[in-house]
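Enquirer: Let me give you the structure first, and then I'll get to my questions.
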Amino acid sequence: MRMKNINLIFYGCLFIAGLMAPWLGIYPVYLMTLYCYAIFACAFNLMLGYSGMLSFGHAAYFGFSSYITAHLITVYSCSTVVAILAGMLTSCLLGLVIGFIAIRRSGIYFAMITLALSQLVYFVCLQASFTGGENGIQGVVRGDLIGLVSLKDDLTMYYFVFFVFVLVFLFIQRVINSPFGQVLKAIRENETRACSLGYFVDRQKLLVFVISSTLAGLAGSIKSVVLGFATLSDVLQSTSGEVILMTMLGGAGTFFGPVLGAGIVVTLQDTLSDKVGSWVTVIIGAIFVLCVMAFRKGIVGEVLAYLNRQKEKSNPSTSL
Amino acid sequence: MSDIFGIPTQVILGQLLLGLLNGSFYAMLSLGLAVIFGLLGVVNFAHGAFYMLGAYATWFLWGRFGINYWVALLLAPMVVGVLGIGLERIFLKHLYKIDPLYGLLLTFGLSLIAEGILRELFGSSGQSYPVPDLLKGAVDVGFMILPIYRVWVIVASLSVCFLTWYLIERTRLGSNLRAATENPKLVQAFGINVPRMVMLTYGAGVALAAFAGVLSAPIIQVSPLMGSSLVIVVFAVVVIGGMGSILGAILSGLSLGVIEGFTKVLYPEASNIVVFVIMAIVLCWRPSGLFGKD
């Protein structure tokens with residue numbers, strides 16, 4: 001009961017901080033990018049953290065839907081919300097197709113298959129005419145929110161992105177705490193047992209795959225609206241690597257971990273990229289190595305484990 | 001010259017040769033990947049990086065020390081192999097008992113580090129390396145013109161593939177290796193030093209990738225990113241072939257290279273993606289791969 005209160009206070013403070021952030025002199029575009037990656041990482045965490053499926057190709061949904069949104073806005077002057085929803089729908093369908101193929105294998109094969117199929121999506125984006133090839137799509141106009149308020153102002157756009165992020169965060173929390181979420185955890189722990197208990201394991205896996213890819217697509221769509229362009233780099237394998245890193249660094253299988261991880265990685269790239277050049281890749285690689293070798297639970301995971309140990313020490317009788 | 005489906009035979013044969021060339025690279029790399037996976041249970045994402053390092057070592061040895069191609073052909077794989085052994089001792093050996101996904105993530109991190117360092121040292125543009133004098137030029141065999149270097153690459157890589165297959169399937173050392181793949185504890189109990197064998201296997205697999213890198217140096221631009229896109233295709237090849245079998249890795253590597261070559265003739269836009277499409281089809285039809293056992 002007390003843990004729940006602490007959680008509530010923690011998230012309440014964060015929510016207020018999020019509402020106040022643009023007034024504290026933090027650059028809104030930086031924060032919006034951060035929220036996009038946080039949505040992306042939370043979506044990814046749904047698979048890696050709660051279902052034990054390592055997808056190495058999440059950039060496909062993120063990047064492809066950003067192209068769709070950018071294309072709809074620039075060529076057909078669609079309204080922002082419609083374009084974002086269309087991007088989500090596209091990545092939902094893409095996730096359905098790729099997921100259908102990929103869930104035939106599990107573990108490392110699953111990782112390799114998702115990687116290969118996302119490379120396929122990359123080549124399609126490289127060669128298709130609507131994506132603008134190497135140049136990408138420029139000049140995505142922000143438009144307005146269903147005719148009510150204009151999103152051109154950074155501040156209005158900021159609150160829009162912030163509320164989408166909060167909604168996604170709550171949605172993921174709801175999914176994990178639902179019976180479906182419990183089945184996912186059961187599959188992660190022991191797939192054969194979950195199967196023998198009568199669950200259609202493949203159906204559950206495909207469902208979580210589609211939810212995750214749809215939300216990754218949402219993140220990509222919003223990102224293209226925020227920044228005003230869609231580029232090839234969002235479909236690249238390195239973006240798939242980044243989202244894995246964000247999730248692992250923050251803590252896979254924790255609610256707040258991916259958000260923290262996204263914050264760290266985005267900040268790192270933002271501050272370092274113009275100062276150290278290629279060393280950013282080296283630093284990202286080194287963090288990967290460090291995560292795998294030293295703290296596999298991630299930052300939030302290790303903190304939670306430490307708190308649990310403390311609790312057991314002070315109160316051994318109630319520990320399980 | 002006669003035509004087949006309106007395409008000149010010259011063009012088809014040329015692409016067939018190119019396909020075999022690419023295929024022999026796929027074969028060498030997927031072979032090393034399969035051997036490493038078999039014994040270590042690690043999908044070596046850094047395989048592409050080691051291939052790239054092999055090419056860079058060749059280029060560097062020539063440019064800095066004037067060491068020629070033939071010496072580099074031996075020296076570069078050895079240097080990279082020793083590097084691989086070092087990395088296995090420092091990092092990989094701690095990961096054998098946990099989920100194989102961590103091995104994949106670790107080697108992904110290592111390949112990022114390698115790419116970043118080389119980009120910082122030598123820039124991201126490609127470096128060119130001359131074809132060795134002995135293999136320069138081309139021969140006219142009547143129906144087509146064969147560039148000697150390309151033929152040499154195909155012959156050399158097929159010989160290396162055959163040698164590896166022979167070593168694993170037909171020798172005492174190979175039978176130890178296969179036994180250790182099945183049951184490392186039992187093999188250890190028979191007095192064979194399994195950890196050392198694992199270490200050397202990783203070194204050998206990595207050296208094989210570097211050997212492929214040396215072979216590729218004169219025909220492609222040596223650049224930091226040359227391995228990272230190749231390794232994804234090789235993953236697809238491995239998924240198609242099934243990781244269990246050595247021969248499967250070689251055969252699927254070669255044949256996918258050839259199919260890719262033909263696609264370039266018939267429908268060039270799809271040549272980049274044909275391997276992935278085939279992978280998707282194979283997965284729907286035979287999820288464990290064409291030669292897979294599980």
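By order of appearance in the structure tokens: chains A, B, ..., then residues from 1 within every chain, and ligands from 1 in the order shown.
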At a cut-off of 10 Å, can you tabulate as JSON lines every residue of chain A near chain B together with its closest atom pair and the distance in Å to one decimal, using only C-alpha atoms and ordering rows by chain then number?

Expert:
```
{"residue": "A:Gly52", "atom": "CA", "partner": "B:Leu101", "partner_atom": "CA", "distance": 9.9}
{"residue": "A:Met53", "atom": "CA", "partner": "B:Leu101", "partner_atom": "CA", "distance": 9.5}
{"residue": "A:Leu54", "atom": "CA", "partner": "B:Leu101", "partner_atom": "CA", "distance": 7.6}
{"residue": "A:Phe56", "atom": "CA", "partner": "B:Leu105", "partner_atom": "CA", "distance": 9.8}
{"residue": "A:Ile98", "atom": "CA", "partner": "B:Ala280", "partner_atom": "CA", "distance": 8.8}
{"residue": "A:Phe100", "atom": "CA", "partner": "B:Cys284", "partner_atom": "CA", "distance": 8.9}
{"residue": "A:Ile101", "atom": "CA", "partner": "B:Ala280", "partner_atom": "CA", "distance": 6.4}
{"residue": "A:Ala102", "atom": "CA", "partner": "B:Leu283", "partner_atom": "CA", "distance": 8.0}
{"residue": "A:Ile103", "atom": "CA", "partner": "B:Pro287", "partner_atom": "CA", "distance": 9.7}
{"residue": "A:Arg104", "atom": "CA", "partner": "B:Pro287", "partner_atom": "CA", "distance": 6.1}
{"residue": "A:Arg105", "atom": "CA", "partner": "B:Pro287", "partner_atom": "CA", "distance": 6.8}
{"residue": "A:Gly107", "atom": "CA", "partner": "B:Leu101", "partner_atom": "CA", "distance": 7.0}
{"residue": "A:Ile108", "atom": "CA", "partner": "B:Leu101", "partner_atom": "CA", "distance": 6.0}
{"residue": "A:Tyr109", "atom": "CA", "partner": "B:Val239", "partner_atom": "CA", "distance": 7.0}
{"residue": "A:Phe110", "atom": "CA", "partner": "B:Val239", "partner_atom": "CA", "distance": 9.6}
{"residue": "A:Ala111", "atom": "CA", "partner": "B:Leu101", "partner_atom": "CA", "distance": 8.3}
{"residue": "A:Met112", "atom": "CA", "partner": "B:Phe235", "partner_atom": "CA", "distance": 6.0}
{"residue": "A:Ile113", "atom": "CA", "partner": "B:Ala236", "partner_atom": "CA", "distance": 6.9}
{"residue": "A:Thr114", "atom": "CA", "partner": "B:Ala236", "partner_atom": "CA", "distance": 9.8}
{"residue": "A:Leu115", "atom": "CA", "partner": "B:Ile232", "partner_atom": "CA", "distance": 7.0}
{"residue": "A:Ala116", "atom": "CA", "partner": "B:Ile232", "partner_atom": "CA", "distance": 5.9}
{"residue": "A:Leu117", "atom": "CA", "partner": "B:Phe276", "partner_atom": "CA", "distance": 6.3}
{"residue": "A:Ser118", "atom": "CA", "partner": "B:Phe276", "partner_atom": "CA", "distance": 9.3}
{"residue": "A:Gln119", "atom": "CA", "partner": "B:Ile232", "partner_atom": "CA", "distance": 7.6}
{"residue": "A:Leu120", "atom": "CA", "partner": "B:Ile273", "partner_atom": "CA", "distance": 5.5}
{"residue": "A:Val121", "atom": "CA", "partner": "B:Ile273", "partner_atom": "CA", "distance": 8.8}
{"residue": "A:Tyr122", "atom": "CA", "partner": "B:Ile273", "partner_atom": "CA", "distance": 9.4}
{"residue": "A:Phe123", "atom": "CA", "partner": "B:Ile273", "partner_atom": "CA", "distance": 6.9}
{"residue": "A:Val124", "atom": "CA", "partner": "B:Ile273", "partner_atom": "CA", "distance": 8.1}
{"residue": "A:Gln127", "atom": "CA", "partner": "B:Glu269", "partner_atom": "CA", "distance": 7.6}
{"residue": "A:Ala128", "atom": "CA", "partner": "B:Glu269", "partner_atom": "CA", "distance": 9.6}
{"residue": "A:Gln237", "atom": "CA", "partner": "B:Ser229", "partner_atom": "CA", "distance": 8.8}
{"residue": "A:Ser238", "atom": "CA", "partner": "B:Leu112", "partner_atom": "CA", "distance": 9.1}
{"residue": "A:Gly241", "atom": "CA", "partner": "B:Phe108", "partner_atom": "CA", "distance": 8.3}
{"residue": "A:Ile244", "atom": "CA", "partner": "B:Leu105", "partner_atom": "CA", "distance": 8.8}
{"residue": "A:Leu245", "atom": "CA", "partner": "B:Leu105", "partner_atom": "CA", "distance": 9.1}
{"residue": "A:Val276", "atom": "CA", "partner": "B:Glu120", "partner_atom": "CA", "distance": 9.6}
{"residue": "A:Gly277", "atom": "CA", "partner": "B:Glu120", "partner_atom": "CA", "distance": 7.8}
{"residue": "A:Ser278", "atom": "CA", "partner": "B:Gly116", "partner_atom": "CA", "distance": 5.4}
{"residue": "A:Trp279", "atom": "CA", "partner": "B:Gly116", "partner_atom": "CA", "distance": 6.0}
{"residue": "A:Val280", "atom": "CA", "partner": "B:Gly116", "partner_atom": "CA", "distance": 7.6}
{"residue": "A:Thr281", "atom": "CA", "partner": "B:Gly116", "partner_atom": "CA", "distance": 5.2}
{"residue": "A:Val282", "atom": "CA", "partner": "B:Ile113", "partner_atom": "CA", "distance": 4.2}
{"residue": "A:Ile283", "atom": "CA", "partner": "B:Ile113", "partner_atom": "CA", "distance": 7.3}
{"residue": "A:Ile284", "atom": "CA", "partner": "B:Gly109", "partner_atom": "CA", "distance": 7.4}
{"residue": "A:Gly285", "atom": "CA", "partner": "B:Gly109", "partner_atom": "CA", "distance": 4.1}
{"residue": "A:Ala286", "atom": "CA", "partner": "B:Gly109", "partner_atom": "CA", "distance": 6.4}
{"residue": "A:Ile287", "atom": "CA", "partner": "B:Gly109", "partner_atom": "CA", "distance": 7.7}
{"residue": "A:Phe288", "atom": "CA", "partner": "B:Gly109", "partner_atom": "CA", "distance": 5.1}
{"residue": "A:Val289", "atom": "CA", "partner": "B:Leu106", "partner_atom": "CA", "distance": 5.3}
{"residue": "A:Leu290", "atom": "CA", "partner": "B:Leu106", "partner_atom": "CA", "distance": 8.6}
{"residue": "A:Cys291", "atom": "CA", "partner": "B:Leu106", "partner_atom": "CA", "distance": 8.6}
{"residue": "A:Val292", "atom": "CA", "partner": "B:Leu106", "partner_atom": "CA", "distance": 6.1}
{"residue": "A:Met293", "atom": "CA", "partner": "B:Phe91", "partner_atom": "CA", "distance": 7.3}
{"residue": "A:Arg296", "atom": "CA", "partner": "B:Tyr102", "partner_atom": "CA", "distance": 8.8}
```

Enquirer: Record the distance separating atom CA of A:Val208 and atom CA of A:Leu46, expressed in Å with one decimal.

Expert: 7.2 Å

Enquirer: If DSSP is run on the backbone, what residues of stretch 65-294 of chain B are strand (DSSP E or B)? A reply as a tab-separated table (two decimals) with C-alpha atoms, in the first residue's frame would be ideal.

Expert:
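File written: part-v7.tsv
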```tsv
chain	number	residue	atom	x	y	z
B	127	GLN	CA	39.37	3.44	-49.40
B	138	ALA	CA	40.83	-10.96	-67.53
B	139	VAL	CA	40.74	-14.03	-69.71
B	140	ASP	CA	38.47	-14.58	-72.67
B	145	ILE	CA	35.26	-12.58	-70.37
B	146	LEU	CA	36.35	-13.65	-66.91
B	147	PRO	CA	38.05	-11.13	-64.60
B	222	VAL	CA	36.91	-0.44	-47.84
```

Enquirer: Smallest atom-to-atom distance to B:Pro77: which of B:Ala209, B:Tyr56, B:Phe122, B:Pro130, using only C-alpha atoms?

Expert: B:Ala209

Enquirer: I need the alpha helix (DSSP H) residues of stretch 47-269 of chain B per DSSP on the backbone, written as a PyMOL selection string.

Expert: chain B and resi 47-65+69-90+100-122+148-170+172-182+184-189+194-216+226-241+246-266

Enquirer: For B:Pro184, which residue out of B:Ile7, B:Ile250, B:Leu40, B:Leu13 is the nearest one, using only C-alpha atoms?

Expert: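 Once distances to B:Pro184 are computed over only C-alpha atoms, the minimum belongs to B:Leu40.
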
Enquirer: Find the spatial neighbours of stretch 190-194 of chain B, counting only C-alpha atoms, within a cut-off of 9 Å - ignore same-chain residues fewer than 4 positions away - and output them as a PyMOL selection string.

Expert: chain B and resi 176-177+180+184-186+198-199

Enquirer: Select, from B:Trp152, B:Tyr129, B:Trp285, B:Phe162, the residue with the minimum atom-to-atom distance to B:Trp59, counting only C-alpha atoms.

Expert: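 Among B:Trp152, B:Tyr129, B:Trp285, B:Phe162, it is B:Tyr129 that comes nearest to B:Trp59.
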
Enquirer: Determine, counting only C-alpha atoms, which protein, DNA and RNA residues have an atom within 10 Å of an atom of B:Trp165; residues of the same chain fewer than 5 positions away are not included. Present the result as a PyMOL selection string.

Expert: chain B and resi 31+159-160+170-171+174+245-247+250

Enquirer: Rank nothing, just name the residue among A:Val201, A:Val225, A:Ala60, A:Met246 nearest to A:Thr74, using only C-alpha atoms.

Expert: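 The closest residue to A:Thr74 is A:Val225.
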
Enquirer: With only C-alpha atoms as the atoms that count, which of B:Cys161, B:Val11, B:Leu256, B:Val155 lies nearest to B:Gly205?

Expert: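 Of all the options, B:Cys161 lies closest to B:Gly205.
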
Enquirer: Would you work out the distance separating atom CA of B:Val187 from atom CA of B:Met78, expressed in Å to one decimal?

Expert: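 Pair atom CA of B:Val187 / atom CA of B:Met78 returns 27.4 Å.
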
Enquirer: Quick check, in Å to one decimal: how far apart do atom CA of B:Thr164 and atom CA of B:Tyr26 lie?

Expert: 14.7 Å

Enquirer: Name the closest residue to A:Asn135 among the candidates A:Gln182, A:Ala230, A:Val303, A:Ala83; distances are taken between atoms, counting only C-alpha atoms.

Expert: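 Closest to A:Asn135 of all the choices is A:Ala230.
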
Enquirer: Give me the residues within 12 Å of B:Val151 as a ChimeraX atom specification, counting only C-alpha atoms and dropping any in the same chain fewer than 4 places off.

Expert: /B:14,16-22,24,135-139,145-147,155-158,215,219

Enquirer: Those same residues, written as a PDB file, in the first residue's frame with C-alpha atoms?

Expert:
```
ATOM      1  CA  GLY B  14      28.149 -11.773 -66.018  1.00  0.00           C
ATOM      2  CA  LEU B  16      25.849 -15.257 -62.611  1.00  0.00           C
ATOM      3  CA  LEU B  17      29.533 -14.675 -61.914  1.00  0.00           C
ATOM      4  CA  LEU B  18      28.718 -11.674 -59.742  1.00  0.00           C
ATOM      5  CA  GLY B  19      26.097 -13.735 -57.950  1.00  0.00           C
ATOM      6  CA  LEU B  20      28.575 -16.515 -57.279  1.00  0.00           C
ATOM      7  CA  LEU B  21      30.999 -13.905 -56.006  1.00  0.00           C
ATOM      8  CA  ASN B  22      28.478 -12.453 -53.559  1.00  0.00           C
ATOM      9  CA  SER B  24      30.827 -17.023 -51.755  1.00  0.00           C
ATOM     10  CA  LEU B 135      45.550 -11.593 -60.526  1.00  0.00           C
ATOM     11  CA  LYS B 136      45.136  -8.542 -62.711  1.00  0.00           C
ATOM     12  CA  GLY B 137      43.376  -8.599 -66.033  1.00  0.00           C
ATOM     13  CA  ALA B 138      40.832 -10.958 -67.533  1.00  0.00           C
ATOM     14  CA  VAL B 139      40.740 -14.031 -69.714  1.00  0.00           C
ATOM     15  CA  ILE B 145      35.263 -12.576 -70.373  1.00  0.00           C
ATOM     16  CA  LEU B 146      36.348 -13.647 -66.906  1.00  0.00           C
ATOM     17  CA  PRO B 147      38.051 -11.129 -64.604  1.00  0.00           C
ATOM     18  CA  VAL B 155      37.901 -20.450 -55.884  1.00  0.00           C
ATOM     19  CA  ALA B 156      39.624 -19.298 -52.695  1.00  0.00           C
ATOM     20  CA  SER B 157      36.441 -18.953 -50.684  1.00  0.00           C
ATOM     21  CA  LEU B 158      35.024 -22.261 -51.866  1.00  0.00           C
ATOM     22  CA  LEU B 215      39.342 -11.063 -50.321  1.00  0.00           C
ATOM     23  CA  ILE B 219      36.815  -5.357 -55.312  1.00  0.00           C
TER      24      ILE B 219
END
```
